[in-house]
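Written below as structure tokens is the structure these notes are about.
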Amino acid sequence: MPTIAHFMPILPTLAHRVEILTFHKGQILDVTGPAQVFATANDLTPPGKPKPYEIALVSLEPEVVTSSGIGLKTNDARACTGTLGTLIVSGGYGVDTARQNGELIDWIRRRSPLAMRTASVCSGAILLAETGLLDGRKAVTHWQRCAEFRVRYPAVLLDPDPIFVRDGVIWTSAGVTAGIDLALAMVEADHGQPLALAVARQLVVFLKRPGGQGQFSTTLALQSADETFEALHGWIAAHLDRDLSLQALADQAGMSVRTLCRRYRQGTGRTPAEGVQLIRMENARRYLEEGASVTRTALRCGFGSTETMRRAFLQHLGVAPQAYRDRFHGSSAG
């Protein structure tokens, strides 16, 4: 049976240096997730071959305390000189304080041009945006920060759904564990799919996760500037097997059909029918996660048929309902 050695390309003599920047109250997985991907790539390198990555955790402090209370010893960012392969800026609850640290922002601004690529994990995109590096570029950040991000950084072309976005030499990723997806994509770009897949298998994660981060929150998918439709959304969720026509929704909201369509699009960026579909999806996911059959779920959530629900799942999540259910309960009939 072939081993990873059979798939390894000829590696460069010098390791690709990866610097991961962190700060107080940062998210520990933003740091350790990508670091472990690169470390596992090193672990899977055959004996006698040079390790592909040199990993350094850096900050402006000799030690930072993450939001989980775990302390991390770091290298002095000020001492970093010369060129590097990848600069990764982590995120976390401390990002709002970090973005106001002029020295930290200046360091990112100076260090990034010396890197082959610059990336952010989760809300670390806020720090990249503060430097201006994301102006005019496509980017993503954690779904909870998207509305605020758009207002604060209008020059950034924010797309709230992807797990990660690559725009030239700048990479950004969505919430927390998306940093693992980002790092796996980097390993694949550097050394090919076989090594990246071997790393993913070792870590027991998807090499390419299906769907975007919209699958984790209907709040993201139905971002609203106000609370006008919260009651309507609650009513929809409680009556998924009822008549949810435009007229029925308008009657429930106390509006004309025309007014509902106009105000709903203004508030959520979607049509009422799209809103109904997303709420059906959210409830269907929950039922499947709890072990309900695909057929029963389709009926309870008002899809009308399993085929209609299958098309909706493929459109929004990139995975069929049965495959989604199997992630939580193993293979079984739908």
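Note on naming: chains are A, B, ... as they come in the structure tokens, residues start from 1 per chain, ligands start from 1 in the order shown.
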* To do: Determine which residues of range 104-291 of chain A DSSP labels as strand (DSSP E) from the backbone of this structure, then write them out as number ranges by chain.
  => A: 115-120, 138-139, 157-158, 164-167, 170-173
* Asked: Residues of range 90-269 of chain A in alpha helix (DSSP H) according to DSSP, as a PyMOL selection string?
  -> chain A and resi 95-98+102-111+124-131+146-152+178-191+193-203+218-221+230-238+246-253+257-268
Store the residues of this selection in a file with C-alpha atoms, as a compact mmCIF listing (two decimals), in the first residue's frame.
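Once everything was written out, this is result-v5.txt:
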# COMPACT_ATOMS: atom_id res chain seq x y z
CA VAL A 95 -10.09 41.92 18.67
CA ASP A 96 -11.98 45.11 19.55
CA THR A 97 -9.20 46.16 21.91
CA ALA A 98 -6.53 44.94 19.51
CA GLY A 102 -1.78 51.39 16.79
CA GLU A 103 1.49 49.50 17.22
CA LEU A 104 -0.20 46.20 16.42
CA ILE A 105 -1.96 47.55 13.33
CA ASP A 106 1.26 49.19 12.09
CA TRP A 107 3.12 45.91 12.61
CA ILE A 108 0.61 44.04 10.42
CA ARG A 109 0.80 46.78 7.80
CA ARG A 110 4.61 46.56 7.68
CA ARG A 111 4.92 42.80 7.96
CA GLY A 124 -9.01 38.70 12.62
CA ALA A 125 -10.35 40.16 9.36
CA ILE A 126 -11.16 43.26 11.40
CA LEU A 127 -7.46 43.80 12.04
CA LEU A 128 -6.63 43.34 8.35
CA ALA A 129 -9.41 45.78 7.47
CA GLU A 130 -7.98 48.34 9.90
CA THR A 131 -4.70 48.29 7.97
CA CYS A 146 -20.77 40.78 9.37
CA ALA A 147 -23.36 43.54 9.88
CA GLU A 148 -20.94 45.63 11.95
CA PHE A 149 -18.08 44.90 9.56
CA ARG A 150 -20.02 46.20 6.56
CA VAL A 151 -20.74 49.49 8.29
CA ARG A 152 -17.21 49.99 9.62
CA ALA A 178 -12.74 27.80 9.50
CA GLY A 179 -9.07 28.55 10.18
CA ILE A 180 -8.49 24.80 9.81
CA ASP A 181 -10.21 24.82 6.40
CA LEU A 182 -8.07 27.79 5.40
CA ALA A 183 -4.82 26.14 6.48
CA LEU A 184 -5.71 22.89 4.70
CA ALA A 185 -6.31 24.86 1.50
CA MET A 186 -2.90 26.46 1.93
CA VAL A 187 -1.22 23.07 2.36
CA GLU A 188 -3.00 21.88 -0.77
CA ALA A 189 -1.86 24.98 -2.68
CA ASP A 190 1.73 24.48 -1.47
CA HIS A 191 2.15 20.73 -1.74
CA GLN A 193 -4.03 17.42 -2.57
CA PRO A 194 -2.48 14.13 -1.37
CA LEU A 195 -0.64 15.77 1.51
CA ALA A 196 -3.60 18.03 2.37
CA LEU A 197 -5.94 15.03 2.35
CA ALA A 198 -3.56 13.06 4.54
CA VAL A 199 -3.52 15.93 7.03
CA ALA A 200 -7.33 16.16 6.97
CA ARG A 201 -7.63 12.42 7.61
CA GLN A 202 -5.15 12.60 10.47
CA LEU A 203 -7.14 15.43 12.07
CA THR A 218 -30.45 31.59 9.98
CA THR A 219 -29.63 34.84 11.76
CA LEU A 220 -26.82 35.25 9.23
CA ALA A 221 -29.02 34.34 6.29
CA GLU A 230 -38.88 38.69 14.35
CA ALA A 231 -42.50 37.90 15.26
CA LEU A 232 -43.26 36.83 11.69
CA HIS A 233 -40.22 34.54 11.63
CA GLY A 234 -41.36 32.97 14.90
CA TRP A 235 -44.83 32.40 13.49
CA ILE A 236 -43.41 30.85 10.31
CA ALA A 237 -41.25 28.45 12.34
CA ALA A 238 -44.32 27.36 14.34
CA LEU A 246 -47.41 35.56 0.31
CA GLN A 247 -50.98 36.45 1.21
CA ALA A 248 -50.86 34.38 4.39
CA LEU A 249 -47.57 36.02 5.41
CA ALA A 250 -48.92 39.49 4.63
CA ASP A 251 -52.05 38.85 6.70
CA GLN A 252 -49.95 37.65 9.64
CA ALA A 253 -47.66 40.70 9.39
CA VAL A 257 -48.54 41.87 -0.06
CA ARG A 258 -46.76 44.72 -1.84
CA THR A 259 -45.70 46.37 1.42
CA LEU A 260 -44.52 43.07 2.88
CA CYS A 261 -42.37 42.30 -0.17
CA ARG A 262 -40.82 45.76 -0.19
CA ARG A 263 -40.13 46.04 3.53
CA TYR A 264 -38.96 42.44 3.88
CA ARG A 265 -36.38 42.88 1.15
CA GLN A 266 -35.24 46.17 2.72
CA GLY A 267 -34.90 44.55 6.13
CA THR A 268 -33.39 41.18 5.23
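Proximity of A:Gly302, A:Phe229, A:Gly85, A:Gly136 to Gly275 in chain A, computed with only C-alpha atoms, is greatest for A:Phe229.
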* **Long-range neighbours of range 56-64 of chain A as a list in words, 7 Å cut-off, only C-alpha atoms, 3 positions minimum in chain** => Val18, Glu19, Ile20, Leu21, Thr22, Phe23, His24, Gly71, Leu72, Lys73, Thr74, Asn75, Asp76, Ala77 and Arg78 of chain A
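Every protein or nucleic acid residue with an atom no more than 8 Å from Asn283 in chain A, counting only C-alpha atoms and leaving out same-chain residues fewer than 4 positions away, appears here: Ala237, Ile279, Tyr287 and Cys301 of chain A.
Note that CA of Thr32 in chain A and CA of Ile55 in chain A are 10.8 Å apart.
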Tell me, counting only C-alpha atoms, for each residue of range 265-311 of chain A within 10 Å of range 320-329 of chain A, which pair of atoms is nearest and how far apart they are in Å to one decimal, in rows ordered by chain and increasing number, as CSV.
residue,atom,partner,partner_atom,distance
A:Ala284,CA,A:Pro321,CA,8.7
A:Arg285,CA,A:Tyr324,CA,7.9
A:Arg286,CA,A:Arg325,CA,9.6
A:Tyr287,CA,A:Arg325,CA,8.9
A:Leu288,CA,A:Arg325,CA,5.1
A:Glu289,CA,A:Phe328,CA,5.9
A:Glu290,CA,A:Phe328,CA,8.1
A:Gly291,CA,A:His329,CA,6.6
A:Ala292,CA,A:Arg325,CA,8.3
A:Ser293,CA,A:Arg325,CA,8.2
A:Val294,CA,A:Gln322,CA,6.4
A:Thr295,CA,A:Gln322,CA,9.7
A:Thr297,CA,A:Pro321,CA,9.4
A:Ala298,CA,A:Pro321,CA,9.5
A:Thr306,CA,A:Pro321,CA,8.7
A:Glu307,CA,A:Pro321,CA,9.7
A:Met309,CA,A:Pro321,CA,7.4
A:Arg310,CA,A:Ala320,CA,5.5
A:Arg311,CA,A:Ala320,CA,7.7
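Candidate residues A:Val140, A:Leu278, A:Cys122, A:Leu87 were compared for distance to Pro160 in chain A, and the nearest is A:Val140, using only C-alpha atoms.
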* Interatomic distance (Å, one decimal) between CA of Thr177 in chain A and CA of Val121 in chain A -> 8.5 Å
